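File shown: protein29.txt (compact mmCIF, C-alpha atoms).
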# COMPACT_ATOMS: atom_id res chain seq x y z
CA MET A 188 28.57 10.82 13.30
CA ALA A 189 25.49 13.05 13.10
CA PHE A 190 23.34 12.39 16.14
CA LEU A 191 23.84 8.84 17.44
CA GLY A 192 26.61 7.35 19.48
CA LYS A 193 28.15 3.90 19.42
CA TRP A 194 25.77 1.25 20.76
CA PHE A 195 26.90 -2.26 21.63
CA GLY A 196 29.82 -2.11 19.24
CA PHE A 197 28.04 -0.76 16.16
CA ASP A 198 27.05 2.58 14.76
CA ARG A 199 23.26 2.37 14.73
CA GLU A 200 22.93 5.23 12.28
CA GLU A 201 25.10 3.35 9.80
CA VAL A 202 23.09 0.14 10.35
CA TYR A 203 19.92 2.10 9.62
CA GLU A 204 21.45 3.54 6.44
CA GLN A 205 22.49 0.03 5.42
CA GLY A 206 18.87 -1.02 5.92
CA LEU A 207 17.68 1.79 3.66
CA ARG A 208 20.15 0.80 0.97
CA ALA A 209 19.03 -2.82 1.17
CA TYR A 210 15.39 -1.67 1.02
CA ASP A 211 15.99 0.50 -2.04
CA ARG A 212 17.62 -2.36 -3.97
CA GLY A 213 14.88 -4.83 -3.01
CA ASP A 214 17.00 -6.89 -0.61
CA TRP A 215 14.11 -7.41 1.79
CA GLU A 216 15.82 -9.97 4.02
CA GLY A 217 18.88 -7.76 4.36
CA ALA A 218 16.66 -4.79 5.18
CA ILE A 219 14.76 -6.79 7.79
CA GLU A 220 17.97 -7.88 9.49
CA ARG A 221 19.30 -4.33 9.74
CA PHE A 222 16.08 -2.63 10.78
CA GLU A 223 15.50 -5.26 13.46
CA THR A 224 19.01 -4.57 14.72
CA CYS A 225 18.11 -0.88 15.01
CA LEU A 226 15.00 -1.74 17.01
CA ASP A 227 16.82 -4.11 19.35
CA HIS A 228 18.30 -1.17 21.23
CA ALA A 229 16.72 1.97 22.64
CA GLY A 230 17.53 5.28 21.02
CA ASP A 231 16.25 8.14 18.91
CA ASP A 232 12.44 8.09 18.65
CA LYS A 233 12.38 9.32 15.06
CA MET A 234 14.75 6.60 13.90
CA ILE A 235 12.72 3.96 15.74
CA ARG A 236 9.50 5.05 14.00
CA LEU A 237 11.16 5.05 10.60
CA ALA A 238 12.83 1.69 11.20
CA GLN A 239 9.47 0.23 12.26
CA PHE A 240 7.83 1.52 9.08
CA TYR A 241 10.52 0.16 6.79
CA LEU A 242 10.67 -3.12 8.70
CA SER A 243 6.94 -3.66 8.32
CA ASP A 244 7.07 -2.78 4.62
CA SER A 245 10.06 -5.08 4.08
CA TYR A 246 8.14 -8.01 5.59
CA ALA A 247 5.21 -7.21 3.28
CA GLU A 248 7.43 -7.00 0.19
CA LEU A 249 9.18 -10.21 1.14
CA GLY A 250 5.81 -11.90 1.48
CA VAL A 251 4.85 -10.79 -2.04
CA THR A 252 8.20 -12.08 -3.31
CA PHE A 253 7.46 -15.48 -1.80
CA ILE A 254 4.04 -15.52 -3.52
CA ARG A 255 5.76 -14.99 -6.88
CA ALA A 256 8.18 -17.80 -6.06
CA GLY A 257 5.31 -20.14 -5.18
CA ASP A 258 6.27 -20.41 -1.50
CA ASN A 259 2.90 -19.51 -0.04
CA ILE A 260 3.68 -20.78 3.46
CA SER A 261 6.58 -18.31 3.78
CA ALA A 262 4.39 -15.65 2.18
CA VAL A 263 1.69 -16.10 4.83
CA ARG A 264 4.28 -15.95 7.61
CA ASN A 265 5.88 -12.72 6.39
CA LEU A 266 2.66 -10.98 5.43
CA SER A 267 1.13 -11.86 8.79
CA THR A 268 4.13 -10.27 10.50
CA ALA A 269 3.75 -7.13 8.39
CA ILE A 270 0.05 -6.93 9.21
CA GLU A 271 0.68 -7.44 12.91
CA MET A 272 3.07 -4.49 12.86
CA SER A 273 0.89 -2.24 10.67
CA PRO A 274 -2.68 -3.53 10.32
CA HIS A 275 -4.23 -0.68 8.34
CA TYR A 276 -3.01 -1.42 4.79
CA PRO A 277 -5.60 -3.21 2.63
CA ASP A 278 -3.06 -4.29 0.01
CA ARG A 279 -1.34 -6.51 2.57
CA TYR A 280 -4.58 -8.35 3.28
CA VAL A 281 -5.12 -8.84 -0.45
CA ALA A 282 -1.62 -10.28 -0.78
CA LEU A 283 -2.35 -12.53 2.21
CA ALA A 284 -5.55 -13.68 0.49
CA GLN A 285 -3.52 -14.53 -2.62
CA ALA A 286 -1.15 -16.62 -0.52
CA TYR A 287 -4.06 -18.46 1.05
CA ARG A 288 -5.46 -18.98 -2.46
CA GLY A 289 -2.23 -20.74 -3.34
CA LEU A 290 -2.61 -22.94 -0.26
CA GLY A 291 -6.26 -23.69 -1.01
CA ILE A 292 -7.43 -22.30 2.35
CA ASN A 293 -10.55 -20.41 1.31
CA GLU A 294 -11.84 -19.64 4.79
CA ALA A 295 -8.70 -17.69 5.70
CA ARG A 296 -8.68 -16.19 2.21
CA THR A 297 -12.21 -14.89 2.71
CA ARG A 298 -11.30 -13.35 6.07
CA ALA A 299 -8.36 -11.52 4.52
CA ILE A 300 -10.49 -10.17 1.65
CA ASP A 301 -13.21 -9.07 4.07
CA ARG A 302 -10.65 -7.26 6.23
CA ALA A 303 -9.23 -5.43 3.21
CA LEU A 304 -12.72 -4.29 2.25
CA GLU A 305 -13.46 -3.18 5.82
CA ILE A 306 -10.47 -0.86 5.56
CA ASN A 307 -11.42 0.33 2.07
CA PRO A 308 -14.78 -0.84 0.69
CA ARG A 309 -13.82 0.46 -2.76
CA TYR A 310 -10.39 -1.13 -2.97
CA LEU A 311 -10.37 -2.59 -6.47
CA GLU A 312 -7.74 -5.26 -5.86
CA ALA A 313 -9.78 -6.66 -2.97
CA ILE A 314 -12.91 -6.58 -5.13
CA ARG A 315 -10.98 -8.43 -7.84
CA GLU A 316 -9.82 -11.08 -5.35
CA ARG A 317 -13.38 -11.52 -4.09
CA GLY A 318 -14.52 -11.97 -7.68
CA LEU A 319 -11.91 -14.64 -8.33
CA LEU A 320 -12.99 -16.51 -5.21
CA ALA A 321 -16.63 -16.31 -6.29
CA TYR A 322 -15.78 -17.67 -9.74
CA GLU A 323 -13.78 -20.56 -8.28
CA GLU A 324 -16.76 -21.42 -6.07
CA GLY A 325 -19.17 -21.34 -9.01
CA ARG A 326 -20.93 -18.12 -8.01
CA TYR A 327 -20.65 -16.72 -11.52
CA SER A 328 -23.08 -13.81 -11.16
CA ASP A 329 -21.24 -12.50 -8.09
CA ALA A 330 -17.93 -13.00 -9.85
CA GLN A 331 -19.05 -11.05 -12.90
CA VAL A 332 -20.14 -8.09 -10.77
CA ASP A 333 -16.82 -7.88 -8.94
CA LEU A 334 -14.52 -8.70 -11.83
CA GLY A 335 -16.49 -6.41 -14.12
CA GLN A 336 -16.05 -3.55 -11.67
CA TRP A 337 -12.33 -4.22 -11.51
CA ALA A 338 -11.94 -4.47 -15.28
CA ALA A 339 -13.97 -1.32 -15.87
CA SER A 340 -11.32 0.75 -14.10
CA ASP A 341 -8.94 0.37 -17.04
CA PRO A 342 -9.76 0.12 -20.77
CA VAL A 343 -6.89 -2.30 -21.43
CA ARG A 344 -8.27 -4.70 -18.84
CA ARG A 345 -11.82 -4.26 -20.08
CA ASN A 346 -11.03 -4.82 -23.74
CA GLY A 347 -8.23 -7.35 -23.43
CA PRO A 348 -7.72 -10.35 -21.11
CA TYR A 349 -10.99 -9.94 -19.25
CA ARG A 350 -13.00 -9.92 -22.48
CA ARG A 351 -11.28 -13.13 -23.58
CA ALA A 352 -12.15 -14.74 -20.25
CA LEU A 353 -15.79 -13.75 -20.70
CA ALA A 354 -15.78 -15.30 -24.18
CA ARG A 355 -14.50 -18.60 -22.84
CA HIS A 356 -17.08 -18.59 -20.09
CA ALA A 357 -19.85 -17.95 -22.64
CA LYS A 358 -18.71 -21.06 -24.52
CA GLY A 359 -18.94 -23.13 -21.35
CA ASP A 360 -15.16 -23.35 -20.92
CA VAL A 361 -15.19 -22.57 -17.20
CA ASP A 362 -11.71 -23.98 -16.57
CA GLY A 363 -10.25 -22.00 -19.43
CA ALA A 364 -11.94 -18.81 -18.27
CA LEU A 365 -10.69 -19.32 -14.72
CA ALA A 366 -7.16 -19.92 -15.98
CA LEU A 367 -7.26 -16.61 -17.84
CA LEU A 368 -8.68 -14.78 -14.84
CA LEU A 369 -6.02 -16.17 -12.52
CA GLU A 370 -3.28 -15.18 -14.93
CA LEU A 371 -4.43 -11.57 -14.99
CA SER A 372 -1.93 -9.35 -13.25
CA SER A 373 -3.45 -6.59 -11.16
CA ASP A 374 -1.07 -4.17 -12.92
CA GLU A 375 -1.44 -5.62 -16.41
CA GLY A 376 -1.96 -2.78 -18.83
CA ASP A 377 -2.20 -0.31 -15.94
CA GLU A 378 0.16 2.43 -17.02
CA GLY A 379 -0.95 4.51 -14.05
CA ALA A 380 0.42 1.90 -11.64
CA ILE A 381 3.77 1.98 -13.43
CA HIS A 382 4.02 5.75 -13.02
CA ALA A 383 3.05 5.41 -9.34
CA LYS A 384 5.89 2.95 -8.73
CA ILE A 385 8.37 5.27 -10.42
CA ALA A 386 7.06 8.15 -8.31
CA GLN A 387 7.54 6.19 -5.09
CA ASN A 388 11.16 5.50 -6.04
CA TYR A 389 11.65 9.24 -6.51
CA MET A 390 10.02 9.83 -3.12
CA ARG A 391 12.52 7.54 -1.42
CA GLU A 392 15.32 9.54 -3.02
CA ARG A 393 13.60 12.79 -1.95
CA MET A 394 13.38 13.86 -5.59
CA TYR A 395 10.00 15.45 -5.03
CA GLU A 396 9.69 17.41 -8.27
CA ASP A 397 10.21 14.23 -10.29
CA ALA A 398 7.87 12.30 -8.00
CA ALA A 399 5.14 14.90 -8.45
CA LEU A 400 5.37 14.66 -12.24
CA GLU A 401 5.02 10.86 -12.11
CA PHE A 402 2.16 10.96 -9.60
CA GLU A 403 0.34 13.47 -11.79
CA LYS A 404 0.57 11.05 -14.72
CA SER A 405 -0.58 8.20 -12.48
CA VAL A 406 -3.70 9.89 -11.12
CA ASN A 407 -4.68 11.07 -14.58
CA LEU A 408 -4.40 7.55 -16.00
CA SER A 409 -5.79 5.64 -12.99
CA PRO A 410 -7.79 8.03 -10.81
CA ARG A 411 -9.45 5.48 -8.51
CA TYR A 412 -6.52 4.59 -6.24
CA ALA A 413 -6.76 6.42 -2.93
CA ASP A 414 -3.20 5.63 -1.87
CA VAL A 415 -1.75 7.25 -5.00
CA HIS A 416 -3.70 10.47 -4.43
CA CYS A 417 -2.60 10.51 -0.79
CA LYS A 418 1.08 10.01 -1.64
CA TYR A 419 0.81 12.65 -4.35
CA GLY A 420 -0.57 14.98 -1.70
CA GLN A 421 2.36 14.17 0.58
CA VAL A 422 4.82 15.07 -2.18
CA LEU A 423 2.96 18.32 -2.88
CA ILE A 424 3.26 19.22 0.81
CA GLU A 425 7.01 18.67 0.59
CA LEU A 426 7.06 21.04 -2.40
CA GLY A 427 5.13 23.73 -0.50
CA ARG A 428 1.99 23.27 -2.62
CA ALA A 429 -0.43 22.72 0.25
CA VAL A 430 -3.57 23.86 -1.61
CA GLU A 431 -3.05 21.24 -4.32
CA ALA A 432 -2.11 18.70 -1.66
CA GLU A 433 -5.41 19.25 0.12
CA GLN A 434 -7.28 18.64 -3.14
CA GLN A 435 -5.48 15.35 -3.80
CA ILE A 436 -5.93 14.09 -0.25
CA ARG A 437 -9.61 15.01 -0.17
CA TYR A 438 -10.05 13.03 -3.38
CA ALA A 439 -8.35 10.06 -1.68
CA LEU A 440 -10.93 10.34 1.11
CA GLN A 441 -13.77 10.39 -1.42
CA VAL A 442 -12.47 7.06 -2.69
CA ASN A 443 -11.92 5.68 0.82
CA PRO A 444 -13.46 7.68 3.70
CA ARG A 445 -11.76 5.39 6.26
CA TYR A 446 -8.24 5.90 4.92
CA VAL A 447 -6.29 6.66 8.11
CA GLU A 448 -3.17 8.09 6.50
CA ALA A 449 -5.23 10.35 4.27
CA HIS A 450 -6.97 11.88 7.30
CA ALA A 451 -3.59 12.41 8.95
CA MET A 452 -2.03 13.92 5.81
CA LEU A 453 -5.08 16.14 5.35
CA GLY A 454 -4.36 17.48 8.81
CA VAL A 455 -0.76 18.18 7.79
CA ALA A 456 -1.88 20.01 4.63
CA LEU A 457 -4.40 22.08 6.58
CA SER A 458 -1.74 22.89 9.18
CA HIS A 459 0.43 24.31 6.41
CA LEU A 460 -2.57 26.37 5.31
CA GLU A 461 -2.95 27.62 8.92
CA GLN A 462 -6.43 26.12 9.21
CA THR A 463 -5.75 24.90 12.72
CA ASP A 464 -9.25 23.87 13.77
CA HIS A 465 -9.87 21.88 10.60
CA ALA A 466 -6.41 20.32 10.87
CA ASP A 467 -7.08 19.21 14.45
CA ALA A 468 -10.39 17.68 13.36
CA ALA A 469 -8.61 15.70 10.64
CA PHE A 470 -5.99 14.47 13.10
CA ARG A 471 -8.68 13.44 15.59
CA ARG A 472 -10.49 11.52 12.85
CA ALA A 473 -7.25 9.69 12.05
CA LEU A 474 -6.89 8.76 15.73
CA ASP A 475 -10.51 7.61 15.88
CA LEU A 476 -9.67 5.11 13.15
CA ASP A 477 -6.17 4.27 14.43
CA PRO A 478 -5.27 5.44 17.95
CA ASP A 479 -1.60 4.68 17.24
CA ASN A 480 -1.26 6.90 14.19
CA GLU A 481 2.03 8.66 14.81
CA ILE A 482 1.50 11.63 12.49
CA ALA A 483 -1.73 12.62 14.21
CA GLN A 484 -0.29 11.97 17.66
CA ARG A 485 2.75 14.15 16.99
CA TYR A 486 0.81 17.08 15.55
CA LEU A 487 -1.84 17.08 18.26
CA ALA A 488 0.84 16.87 20.96

As structure tokens:
Amino acid sequence: MAFLGKWFGFDREEVYEQGLRAYDRGDWEGAIERFETCLDHAGDDKMIRLAQFYLSDSYAELGVTFIRAGDNISAVRNLSTAIEMSPHYPDRYVALAQAYRGLGINEARTRAIDRALEINPRYLEAIRERGLLAYEEGRYSDAQVDLGQWAASDPVRRNGPYRRALARHAKGDVDGALALLLELSSDEGDEGAIHAKIAQNYMRERMYEDAALEFEKSVNLSPRYADVHCKYGQVLIELGRAVEAEQQIRYALQVNPRYVEAHAMLGVALSHLEQTDHADAAFRRALDLDPDNEIAQRYLA
């Protein structure tokens, strides 16, 4: 056993590894059970932080799974738990808004969309969700602005399903247009998103060279996603390419100046470049936005 002892009859390191295996195969409930077991008992600080991260993400993924299954009540419950644990991810609020859409609770849906856009005012999926809500409520001009902005980010979206929805609306077929808009997948035709997902799988396996290649394809195809640039920067740091990492992370901050993790990762990149004062400033900015950010806390300590 590497660095943990036996606790209450189980090997907590093995339970954590079981949680990772469940996470990697998409067994979110199994992952939640194991990571919660790890957190039930005191122990190594690093393992606790990692277990908390994976636990929060597992709740979020489980919530999205429930949305796809049509169980929006369970989706709201799990996404709310994920948000309570880690409240700085706009995609979780968008997913929560989608669950509330399924329940027909527009007031809570609006709050979730607004919160996502507070975190990242340029987050396209939140803008898309706001546009859908506007269209459902008959605010067609507002809807066209938001949905047009979302569609413009990808030529397949712009020239395919969205164009057909516009044609139906022009003919007065509002219900038909709405049906098409609701059927649009946020990743439909988005090859960049596919490469980003592949890259994240490589990241989990610590196959950083392969991850970097996939992230490079992703940012070239879909350059407007701050989280992809930030994760690409993280991979480049792992590969010892801190100059390139800084460039990617700074681009993420151009897209979303309030992106907490990007400020923290910028500090890490600058630390590797021995730009201590600038690194400290980046870490302090991350803590201004999120006083509990562990990366910034650890580096400044």

Residues within 10 Å of region 382-385 of chain A, please, as a PyMOL selection string. Count all atoms listed in the file; anything in the same chain fewer than 3 positions from it doesn't count. chain A and resi 377-379+388-390+397-406+408-409+414-416+418-419

Write out as a VMD selection string the residues lying within 7 Å of Ala262 (chain A), counting all atoms listed in the file and excluding same-chain residues fewer than 5 positions away. chain A and resid 250 to 251 253 to 254 286

From A:Arg350, A:Leu368, A:Gly257, A:Arg428, residue lying nearest Gly318 (chain A) [all atoms listed in the file]: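 Closest to Gly318 (chain A), using all atoms listed in the file: A:Leu368.
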
Can you pull out every residue within 10 Å of region 442-455 of chain A, counting all atoms listed in the file, but drop anything in the same chain fewer than 2 positions away, and send it as a ChimeraX atom specification? /A:275-277,305-310,410-414,416-418,420-421,424,429,432-440,457-478,480-484,486-487

Point-to-point distance in Å for CA of Gln285 (chain A) and CA of Asn259 (chain A):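 About the pair CA of Asn259 (chain A) and CA of Gln285 (chain A): they are 8.5 Å apart.
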